[in-house]
file protein-v4.cif (mmCIF, N, CA and C atoms, pLDDT in the B column; chains and numbers go by the auth columns)
data_work
#
loop_
_atom_site.group_PDB
_atom_site.id
_atom_site.type_symbol
_atom_site.label_atom_id
_atom_site.label_comp_id
_atom_site.label_asym_id
_atom_site.label_seq_id
_atom_site.Cartn_x
_atom_site.Cartn_y
_atom_site.Cartn_z
_atom_site.B_iso_or_equiv
_atom_site.auth_seq_id
_atom_site.auth_asym_id
ATOM 1 N N MET A 1 -13.283 14.455 8.182 67.00 1 A
ATOM 2 C CA MET A 1 -13.008 13.536 7.104 67.00 1 A
ATOM 3 C C MET A 1 -14.206 12.597 6.991 67.00 1 A
ATOM 4 N N ASN A 2 -14.695 12.443 5.770 78.00 2 A
ATOM 5 C CA ASN A 2 -15.813 11.520 5.581 78.00 2 A
ATOM 6 C C ASN A 2 -15.292 10.110 5.281 78.00 2 A
ATOM 7 N N ALA A 3 -16.198 9.158 5.216 81.00 3 A
ATOM 8 C CA ALA A 3 -15.823 7.746 5.046 81.00 3 A
ATOM 9 C C ALA A 3 -15.107 7.486 3.726 81.00 3 A
ATOM 10 N N ASP A 4 -15.519 8.144 2.649 83.00 4 A
ATOM 11 C CA ASP A 4 -14.874 7.941 1.346 83.00 4 A
ATOM 12 C C ASP A 4 -13.438 8.452 1.342 83.00 4 A
ATOM 13 N N GLU A 5 -13.209 9.612 1.957 78.00 5 A
ATOM 14 C CA GLU A 5 -11.849 10.158 2.037 78.00 5 A
ATOM 15 C C GLU A 5 -10.947 9.242 2.854 78.00 5 A
ATOM 16 N N PHE A 6 -11.470 8.723 3.950 75.00 6 A
ATOM 17 C CA PHE A 6 -10.677 7.819 4.775 75.00 6 A
ATOM 18 C C PHE A 6 -10.339 6.545 4.025 75.00 6 A
ATOM 19 N N LYS A 7 -11.316 5.961 3.348 77.00 7 A
ATOM 20 C CA LYS A 7 -11.078 4.718 2.608 77.00 7 A
ATOM 21 C C LYS A 7 -10.015 4.920 1.534 77.00 7 A
ATOM 22 N N THR A 8 -10.106 6.016 0.788 77.00 8 A
ATOM 23 C CA THR A 8 -9.119 6.310 -0.253 77.00 8 A
ATOM 24 C C THR A 8 -7.732 6.470 0.348 77.00 8 A
ATOM 25 N N ALA A 9 -7.626 7.236 1.422 74.00 9 A
ATOM 26 C CA ALA A 9 -6.327 7.481 2.046 74.00 9 A
ATOM 27 C C ALA A 9 -5.747 6.221 2.664 74.00 9 A
ATOM 28 N N SER A 10 -6.572 5.438 3.334 74.00 10 A
ATOM 29 C CA SER A 10 -6.050 4.270 4.045 74.00 10 A
ATOM 30 C C SER A 10 -5.724 3.105 3.116 74.00 10 A
ATOM 31 N N GLN A 11 -6.158 3.166 1.863 81.00 11 A
ATOM 32 C CA GLN A 11 -5.858 2.095 0.908 81.00 11 A
ATOM 33 C C GLN A 11 -4.986 2.575 -0.250 81.00 11 A
ATOM 34 N N MET A 12 -4.255 3.659 -0.044 80.00 12 A
ATOM 35 C CA MET A 12 -3.438 4.229 -1.114 80.00 12 A
ATOM 36 C C MET A 12 -2.412 3.222 -1.638 80.00 12 A
ATOM 37 N N ILE A 13 -1.703 2.532 -0.754 82.00 13 A
ATOM 38 C CA ILE A 13 -0.672 1.581 -1.183 82.00 13 A
ATOM 39 C C ILE A 13 -1.304 0.423 -1.953 82.00 13 A
ATOM 40 N N ILE A 14 -2.426 -0.078 -1.480 87.00 14 A
ATOM 41 C CA ILE A 14 -3.122 -1.165 -2.175 87.00 14 A
ATOM 42 C C ILE A 14 -3.568 -0.711 -3.558 87.00 14 A
ATOM 43 N N ASN A 15 -4.153 0.471 -3.632 88.00 15 A
ATOM 44 C CA ASN A 15 -4.627 0.982 -4.924 88.00 15 A
ATOM 45 C C ASN A 15 -3.483 1.176 -5.913 88.00 15 A
ATOM 46 N N LYS A 16 -2.379 1.744 -5.457 88.00 16 A
ATOM 47 C CA LYS A 16 -1.220 1.960 -6.340 88.00 16 A
ATOM 48 C C LYS A 16 -0.618 0.626 -6.781 88.00 16 A
ATOM 49 N N THR A 17 -0.552 -0.345 -5.872 91.00 17 A
ATOM 50 C CA THR A 17 -0.005 -1.657 -6.219 91.00 17 A
ATOM 51 C C THR A 17 -0.891 -2.359 -7.236 91.00 17 A
ATOM 52 N N ASN A 18 -2.201 -2.311 -7.032 93.00 18 A
ATOM 53 C CA ASN A 18 -3.121 -2.914 -8.004 93.00 18 A
ATOM 54 C C ASN A 18 -2.985 -2.262 -9.372 93.00 18 A
ATOM 55 N N TYR A 19 -2.798 -0.955 -9.403 95.00 19 A
ATOM 56 C CA TYR A 19 -2.602 -0.237 -10.667 95.00 19 A
ATOM 57 C C TYR A 19 -1.325 -0.721 -11.358 95.00 19 A
ATOM 58 N N LEU A 20 -0.245 -0.868 -10.594 94.00 20 A
ATOM 59 C CA LEU A 20 1.022 -1.335 -11.148 94.00 20 A
ATOM 60 C C LEU A 20 0.905 -2.765 -11.670 94.00 20 A
ATOM 61 N N ILE A 21 0.224 -3.635 -10.942 95.00 21 A
ATOM 62 C CA ILE A 21 0.011 -5.015 -11.388 95.00 21 A
ATOM 63 C C ILE A 21 -0.768 -5.031 -12.695 95.00 21 A
ATOM 64 N N ASP A 22 -1.784 -4.190 -12.798 97.00 22 A
ATOM 65 C CA ASP A 22 -2.571 -4.091 -14.030 97.00 22 A
ATOM 66 C C ASP A 22 -1.711 -3.614 -15.197 97.00 22 A
ATOM 67 N N LEU A 23 -0.870 -2.612 -14.969 97.00 23 A
ATOM 68 C CA LEU A 23 0.036 -2.131 -16.024 97.00 23 A
ATOM 69 C C LEU A 23 0.993 -3.228 -16.481 97.00 23 A
ATOM 70 N N MET A 24 1.556 -3.953 -15.539 97.00 24 A
ATOM 71 C CA MET A 24 2.474 -5.038 -15.884 97.00 24 A
ATOM 72 C C MET A 24 1.760 -6.096 -16.722 97.00 24 A
ATOM 73 N N HIS A 25 0.538 -6.418 -16.356 97.00 25 A
ATOM 74 C CA HIS A 25 -0.242 -7.413 -17.096 97.00 25 A
ATOM 75 C C HIS A 25 -0.539 -6.923 -18.518 97.00 25 A
ATOM 76 N N ARG A 26 -0.963 -5.671 -18.646 98.00 26 A
ATOM 77 C CA ARG A 26 -1.297 -5.126 -19.969 98.00 26 A
ATOM 78 C C ARG A 26 -0.091 -5.075 -20.900 98.00 26 A
ATOM 79 N N HIS A 27 1.105 -4.910 -20.326 98.00 27 A
ATOM 80 C CA HIS A 27 2.326 -4.843 -21.136 98.00 27 A
ATOM 81 C C HIS A 27 3.072 -6.175 -21.163 98.00 27 A
ATOM 82 N N HIS A 28 2.412 -7.229 -20.708 98.00 28 A
ATOM 83 C CA HIS A 28 2.947 -8.594 -20.736 98.00 28 A
ATOM 84 C C HIS A 28 4.293 -8.704 -20.016 98.00 28 A
ATOM 85 N N LEU A 29 4.426 -8.004 -18.906 96.00 29 A
ATOM 86 C CA LEU A 29 5.638 -8.080 -18.090 96.00 29 A
ATOM 87 C C LEU A 29 5.423 -9.128 -17.006 96.00 29 A
ATOM 88 N N LYS A 30 6.159 -10.208 -17.103 93.00 30 A
ATOM 89 C CA LYS A 30 6.030 -11.293 -16.133 93.00 30 A
ATOM 90 C C LYS A 30 7.274 -11.311 -15.252 93.00 30 A
ATOM 91 N N ARG A 31 7.268 -10.457 -14.275 93.00 31 A
ATOM 92 C CA ARG A 31 8.370 -10.334 -13.334 93.00 31 A
ATOM 93 C C ARG A 31 7.792 -10.342 -11.923 93.00 31 A
ATOM 94 N N PRO A 32 8.561 -10.820 -10.972 93.00 32 A
ATOM 95 C CA PRO A 32 8.063 -10.756 -9.591 93.00 32 A
ATOM 96 C C PRO A 32 7.995 -9.300 -9.122 93.00 32 A
ATOM 97 N N LEU A 33 6.966 -8.986 -8.405 92.00 33 A
ATOM 98 C CA LEU A 33 6.804 -7.640 -7.860 92.00 33 A
ATOM 99 C C LEU A 33 7.141 -7.684 -6.378 92.00 33 A
ATOM 100 N N ILE A 34 8.154 -6.911 -6.010 91.00 34 A
ATOM 101 C CA ILE A 34 8.598 -6.851 -4.620 91.00 34 A
ATOM 102 C C ILE A 34 8.561 -5.392 -4.187 91.00 34 A
ATOM 103 N N LEU A 35 7.763 -5.102 -3.184 85.00 35 A
ATOM 104 C CA LEU A 35 7.664 -3.743 -2.659 85.00 35 A
ATOM 105 C C LEU A 35 8.732 -3.573 -1.589 85.00 35 A
ATOM 106 N N LEU A 36 9.708 -2.728 -1.874 82.00 36 A
ATOM 107 C CA LEU A 36 10.832 -2.579 -0.955 82.00 36 A
ATOM 108 C C LEU A 36 10.781 -1.309 -0.119 82.00 36 A
ATOM 109 N N ASN A 37 10.203 -0.266 -0.646 72.00 37 A
ATOM 110 C CA ASN A 37 10.311 1.031 0.003 72.00 37 A
ATOM 111 C C ASN A 37 8.951 1.701 0.061 72.00 37 A
ATOM 112 N N TRP A 38 8.190 1.414 1.046 64.00 38 A
ATOM 113 C CA TRP A 38 6.873 2.019 1.184 64.00 38 A
ATOM 114 C C TRP A 38 6.507 2.088 2.657 64.00 38 A
ATOM 115 N N ASN A 39 5.605 2.965 2.969 59.00 39 A
ATOM 116 C CA ASN A 39 5.055 3.062 4.318 59.00 39 A
ATOM 117 C C ASN A 39 3.787 3.897 4.259 59.00 39 A
ATOM 118 N N THR A 40 3.203 4.196 5.370 57.00 40 A
ATOM 119 C CA THR A 40 1.948 4.942 5.365 57.00 40 A
ATOM 120 C C THR A 40 2.148 6.435 5.167 57.00 40 A
ATOM 121 N N LEU A 41 3.375 6.887 5.018 56.00 41 A
ATOM 122 C CA LEU A 41 3.620 8.310 4.780 56.00 41 A
ATOM 123 C C LEU A 41 3.740 8.635 3.301 56.00 41 A
ATOM 124 N N THR A 42 3.659 7.639 2.426 49.00 42 A
ATOM 125 C CA THR A 42 3.788 7.883 0.996 49.00 42 A
ATOM 126 C C THR A 42 2.440 8.150 0.369 49.00 42 A
ATOM 127 N N GLY A 43 2.452 8.702 -0.810 49.00 43 A
ATOM 128 C CA GLY A 43 1.213 8.957 -1.540 49.00 43 A
ATOM 129 C C GLY A 43 0.390 10.048 -0.897 49.00 43 A
ATOM 130 N N ASP A 44 -0.914 9.917 -0.985 53.00 44 A
ATOM 131 C CA ASP A 44 -1.832 10.925 -0.477 53.00 44 A
ATOM 132 C C ASP A 44 -2.418 10.536 0.875 53.00 44 A
ATOM 133 N N THR A 45 -1.627 9.914 1.713 53.00 45 A
ATOM 134 C CA THR A 45 -2.158 9.426 2.987 53.00 45 A
ATOM 135 C C THR A 45 -2.018 10.444 4.106 53.00 45 A
ATOM 136 N N PHE A 46 -1.843 11.703 3.777 56.00 46 A
ATOM 137 C CA PHE A 46 -1.685 12.725 4.812 56.00 46 A
ATOM 138 C C PHE A 46 -2.868 12.771 5.772 56.00 46 A
ATOM 139 N N ILE A 47 -4.021 12.309 5.321 56.00 47 A
ATOM 140 C CA ILE A 47 -5.212 12.319 6.178 56.00 47 A
ATOM 141 C C ILE A 47 -5.021 11.387 7.370 56.00 47 A
ATOM 142 N N THR A 48 -4.354 10.263 7.178 53.00 48 A
ATOM 143 C CA THR A 48 -4.216 9.271 8.249 53.00 48 A
ATOM 144 C C THR A 48 -2.888 9.357 8.990 53.00 48 A
ATOM 145 N N ASN A 49 -1.968 10.186 8.553 55.00 49 A
ATOM 146 C CA ASN A 49 -0.654 10.252 9.201 55.00 49 A
ATOM 147 C C ASN A 49 -0.782 10.717 10.645 55.00 49 A
ATOM 148 N N GLY A 50 -0.042 10.063 11.510 56.00 50 A
ATOM 149 C CA GLY A 50 -0.009 10.453 12.901 56.00 50 A
ATOM 150 C C GLY A 50 -1.200 9.984 13.722 56.00 50 A
ATOM 151 N N GLU A 51 -2.131 9.305 13.130 56.00 51 A
ATOM 152 C CA GLU A 51 -3.296 8.831 13.865 56.00 51 A
ATOM 153 C C GLU A 51 -2.953 7.540 14.610 56.00 51 A
ATOM 154 N N TYR A 52 -3.669 7.262 15.654 54.00 52 A
ATOM 155 C CA TYR A 52 -3.368 6.098 16.491 54.00 52 A
ATOM 156 C C TYR A 52 -3.589 4.770 15.780 54.00 52 A
ATOM 157 N N PHE A 53 -4.404 4.748 14.728 60.00 53 A
ATOM 158 C CA PHE A 53 -4.725 3.496 14.034 60.00 53 A
ATOM 159 C C PHE A 53 -3.783 3.208 12.865 60.00 53 A
ATOM 160 N N ARG A 54 -2.713 3.971 12.723 66.00 54 A
ATOM 161 C CA ARG A 54 -1.778 3.792 11.619 66.00 54 A
ATOM 162 C C ARG A 54 -1.170 2.391 11.600 66.00 54 A
ATOM 163 N N GLY A 55 -0.845 1.851 12.748 68.00 55 A
ATOM 164 C CA GLY A 55 -0.301 0.491 12.822 68.00 55 A
ATOM 165 C C GLY A 55 -1.263 -0.537 12.271 68.00 55 A
ATOM 166 N N GLY A 56 -2.539 -0.357 12.545 74.00 56 A
ATOM 167 C CA GLY A 56 -3.560 -1.257 12.007 74.00 56 A
ATOM 168 C C GLY A 56 -3.654 -1.172 10.498 74.00 56 A
ATOM 169 N N ILE A 57 -3.497 0.028 9.960 73.00 57 A
ATOM 170 C CA ILE A 57 -3.529 0.219 8.506 73.00 57 A
ATOM 171 C C ILE A 57 -2.352 -0.509 7.862 73.00 57 A
ATOM 172 N N ILE A 58 -1.185 -0.439 8.483 74.00 58 A
ATOM 173 C CA ILE A 58 0.004 -1.118 7.961 74.00 58 A
ATOM 174 C C ILE A 58 -0.236 -2.626 7.899 74.00 58 A
ATOM 175 N N ILE A 59 -0.695 -3.212 8.988 77.00 59 A
ATOM 176 C CA ILE A 59 -0.938 -4.658 9.032 77.00 59 A
ATOM 177 C C ILE A 59 -2.003 -5.058 8.021 77.00 59 A
ATOM 178 N N GLU A 60 -3.069 -4.297 7.929 82.00 60 A
ATOM 179 C CA GLU A 60 -4.135 -4.598 6.971 82.00 60 A
ATOM 180 C C GLU A 60 -3.602 -4.608 5.540 82.00 60 A
ATOM 181 N N GLN A 61 -2.776 -3.625 5.190 82.00 61 A
ATOM 182 C CA GLN A 61 -2.231 -3.564 3.839 82.00 61 A
ATOM 183 C C GLN A 61 -1.257 -4.705 3.581 82.00 61 A
ATOM 184 N N LEU A 62 -0.436 -5.061 4.566 81.00 62 A
ATOM 185 C CA LEU A 62 0.472 -6.200 4.413 81.00 62 A
ATOM 186 C C LEU A 62 -0.302 -7.479 4.127 81.00 62 A
ATOM 187 N N LEU A 63 -1.360 -7.705 4.857 87.00 63 A
ATOM 188 C CA LEU A 63 -2.161 -8.915 4.656 87.00 63 A
ATOM 189 C C LEU A 63 -2.832 -8.930 3.288 87.00 63 A
ATOM 190 N N LYS A 64 -3.372 -7.803 2.867 89.00 64 A
ATOM 191 C CA LYS A 64 -4.060 -7.744 1.576 89.00 64 A
ATOM 192 C C LYS A 64 -3.096 -7.863 0.400 89.00 64 A
ATOM 193 N N LEU A 65 -1.875 -7.378 0.556 88.00 65 A
ATOM 194 C CA LEU A 65 -0.908 -7.413 -0.542 88.00 65 A
ATOM 195 C C LEU A 65 -0.117 -8.713 -0.600 88.00 65 A
ATOM 196 N N SER A 66 -0.106 -9.486 0.460 88.00 66 A
ATOM 197 C CA SER A 66 0.765 -10.663 0.520 88.00 66 A
ATOM 198 C C SER A 66 0.493 -11.677 -0.584 88.00 66 A
ATOM 199 N N SER A 67 -0.723 -11.772 -1.071 92.00 67 A
ATOM 200 C CA SER A 67 -1.022 -12.729 -2.142 92.00 67 A
ATOM 201 C C SER A 67 -0.783 -12.148 -3.534 92.00 67 A
ATOM 202 N N LYS A 68 -0.486 -10.852 -3.613 91.00 68 A
ATOM 203 C CA LYS A 68 -0.343 -10.189 -4.912 91.00 68 A
ATOM 204 C C LYS A 68 1.103 -9.891 -5.285 91.00 68 A
ATOM 205 N N VAL A 69 1.995 -9.923 -4.306 92.00 69 A
ATOM 206 C CA VAL A 69 3.396 -9.601 -4.561 92.00 69 A
ATOM 207 C C VAL A 69 4.278 -10.732 -4.045 92.00 69 A
ATOM 208 N N GLU A 70 5.502 -10.771 -4.558 93.00 70 A
ATOM 209 C CA GLU A 70 6.447 -11.820 -4.147 93.00 70 A
ATOM 210 C C GLU A 70 7.117 -11.509 -2.819 93.00 70 A
ATOM 211 N N GLY A 71 7.217 -10.248 -2.484 89.00 71 A
ATOM 212 C CA GLY A 71 7.865 -9.871 -1.241 89.00 71 A
ATOM 213 C C GLY A 71 7.507 -8.458 -0.843 89.00 71 A
ATOM 214 N N ILE A 72 7.663 -8.183 0.451 83.00 72 A
ATOM 215 C CA ILE A 72 7.354 -6.865 0.992 83.00 72 A
ATOM 216 C C ILE A 72 8.438 -6.500 1.992 83.00 72 A
ATOM 217 N N GLY A 73 8.964 -5.290 1.871 79.00 73 A
ATOM 218 C CA GLY A 73 9.895 -4.753 2.850 79.00 73 A
ATOM 219 C C GLY A 73 9.249 -3.564 3.529 79.00 73 A
ATOM 220 N N TYR A 74 9.579 -3.334 4.790 70.00 74 A
ATOM 221 C CA TYR A 74 8.990 -2.210 5.505 70.00 74 A
ATOM 222 C C TYR A 74 10.026 -1.625 6.450 70.00 74 A
ATOM 223 N N TRP A 75 10.209 -0.325 6.369 71.00 75 A
ATOM 224 C CA TRP A 75 11.146 0.369 7.240 71.00 75 A
ATOM 225 C C TRP A 75 10.445 0.707 8.547 71.00 75 A
ATOM 226 N N VAL A 76 11.074 0.370 9.638 69.00 76 A
ATOM 227 C CA VAL A 76 10.546 0.724 10.947 69.00 76 A
ATOM 228 C C VAL A 76 11.522 1.704 11.581 69.00 76 A
ATOM 229 N N GLU A 77 11.019 2.864 11.949 68.00 77 A
ATOM 230 C CA GLU A 77 11.864 3.860 12.599 68.00 77 A
ATOM 231 C C GLU A 77 11.648 3.772 14.097 68.00 77 A
ATOM 232 N N LEU A 78 12.693 3.433 14.797 67.00 78 A
ATOM 233 C CA LEU A 78 12.587 3.287 16.254 67.00 78 A
ATOM 234 C C LEU A 78 13.144 4.481 16.964 67.00 78 A
#

call {"tool": "encode", "arguments": {"input": "protein-v4.cif", "output": "structure tokens"}}
result
Amino acid sequence: MNADEFKTASQMIINKTNYLIDLMHRHHLKRPLILLNWNTLTGDTFITNGEYFRGGIIIEQLLKLSSKVEGIGYWVEL
């Protein structure tokens, strides 16, 4: 996996959220955005699934999204 593929895969949730925020803005939708059902297994993140750094990717995305959304939910499977 090259650096570009990793960056795309590891930022899939951020990229999709930014796209959704842009769509809401273009259509003048002023509603709070709350991400309730997401994790690192969604989208095209198959490249990073099962890797030891997955926890770091989750925390990084939570921190980057916290200023853009009203709330974030995350399922933890124990």

call {"tool": "residues_around", "arguments": {"input": "protein-v4.cif", "residues": "range 60-63 of chain A", "least_positions_apart": "6", "cutoff": "8 Å", "atoms": "all atoms listed in the file", "output": "VMD selection string"}}
result
chain A and resid 10 to 11 13 to 14 54 72

call {"tool": "resolve_selection", "arguments": {"input": "protein-v4.cif", "expression": "the PyMOL selection byres ((chain A and resi 33) around 8)", "output": "PDB file with N, CA and C atoms, in the frame of the given file"}}
result
ATOM      1  N   LYS A  30       6.159 -10.208 -17.103  1.00 93.00           N
ATOM      2  CA  LYS A  30       6.030 -11.293 -16.133  1.00 93.00           C
ATOM      3  C   LYS A  30       7.274 -11.311 -15.252  1.00 93.00           C
ATOM      4  N   ARG A  31       7.268 -10.457 -14.275  1.00 93.00           N
ATOM      5  CA  ARG A  31       8.370 -10.334 -13.334  1.00 93.00           C
ATOM      6  C   ARG A  31       7.792 -10.342 -11.923  1.00 93.00           C
ATOM      7  N   PRO A  32       8.561 -10.820 -10.972  1.00 93.00           N
ATOM      8  CA  PRO A  32       8.063 -10.756  -9.591  1.00 93.00           C
ATOM      9  C   PRO A  32       7.995  -9.300  -9.122  1.00 93.00           C
ATOM     10  N   ILE A  34       8.154  -6.911  -6.010  1.00 91.00           N
ATOM     11  CA  ILE A  34       8.598  -6.851  -4.620  1.00 91.00           C
ATOM     12  C   ILE A  34       8.561  -5.392  -4.187  1.00 91.00           C
ATOM     13  N   LEU A  35       7.763  -5.102  -3.184  1.00 85.00           N
ATOM     14  CA  LEU A  35       7.664  -3.743  -2.659  1.00 85.00           C
ATOM     15  C   LEU A  35       8.732  -3.573  -1.589  1.00 85.00           C
ATOM     16  N   LEU A  36       9.708  -2.728  -1.874  1.00 82.00           N
ATOM     17  CA  LEU A  36      10.832  -2.579  -0.955  1.00 82.00           C
ATOM     18  C   LEU A  36      10.781  -1.309  -0.119  1.00 82.00           C
ATOM     19  N   LYS A  68      -0.486 -10.852  -3.613  1.00 91.00           N
ATOM     20  CA  LYS A  68      -0.343 -10.189  -4.912  1.00 91.00           C
ATOM     21  C   LYS A  68       1.103  -9.891  -5.285  1.00 91.00           C
ATOM     22  N   VAL A  69       1.995  -9.923  -4.306  1.00 92.00           N
ATOM     23  CA  VAL A  69       3.396  -9.601  -4.561  1.00 92.00           C
ATOM     24  C   VAL A  69       4.278 -10.732  -4.045  1.00 92.00           C
ATOM     25  N   GLU A  70       5.502 -10.771  -4.558  1.00 93.00           N
ATOM     26  CA  GLU A  70       6.447 -11.820  -4.147  1.00 93.00           C
ATOM     27  C   GLU A  70       7.117 -11.509  -2.819  1.00 93.00           C
ATOM     28  N   GLY A  71       7.217 -10.248  -2.484  1.00 89.00           N
ATOM     29  CA  GLY A  71       7.865  -9.871  -1.241  1.00 89.00           C
ATOM     30  C   GLY A  71       7.507  -8.458  -0.843  1.00 89.00           C
ATOM     31  N   ILE A  72       7.663  -8.183   0.451  1.00 83.00           N
ATOM     32  CA  ILE A  72       7.354  -6.865   0.992  1.00 83.00           C
ATOM     33  C   ILE A  72       8.438  -6.500   1.992  1.00 83.00           C
TER      34      ILE A  72
END

call {"tool": "atom_distance", "arguments": {"input": "protein-v4.cif", "atom1": "CA of Asp4 in chain A", "atom2": "CA of Lys16 in chain A"}}
result
16.8 Å

call {"tool": "atom_distance", "arguments": {"input": "protein-v4.cif", "atom1": "CA of Thr8 in chain A", "atom2": "atom C of Ile58 in chain A"}}
result
15.0 Å

call {"tool": "atom_distance", "arguments": {"input": "protein-v4.cif", "atom1": "CA of Ile57 in chain A", "atom2": "CA of His25 in chain A"}}
result
26.9 Å
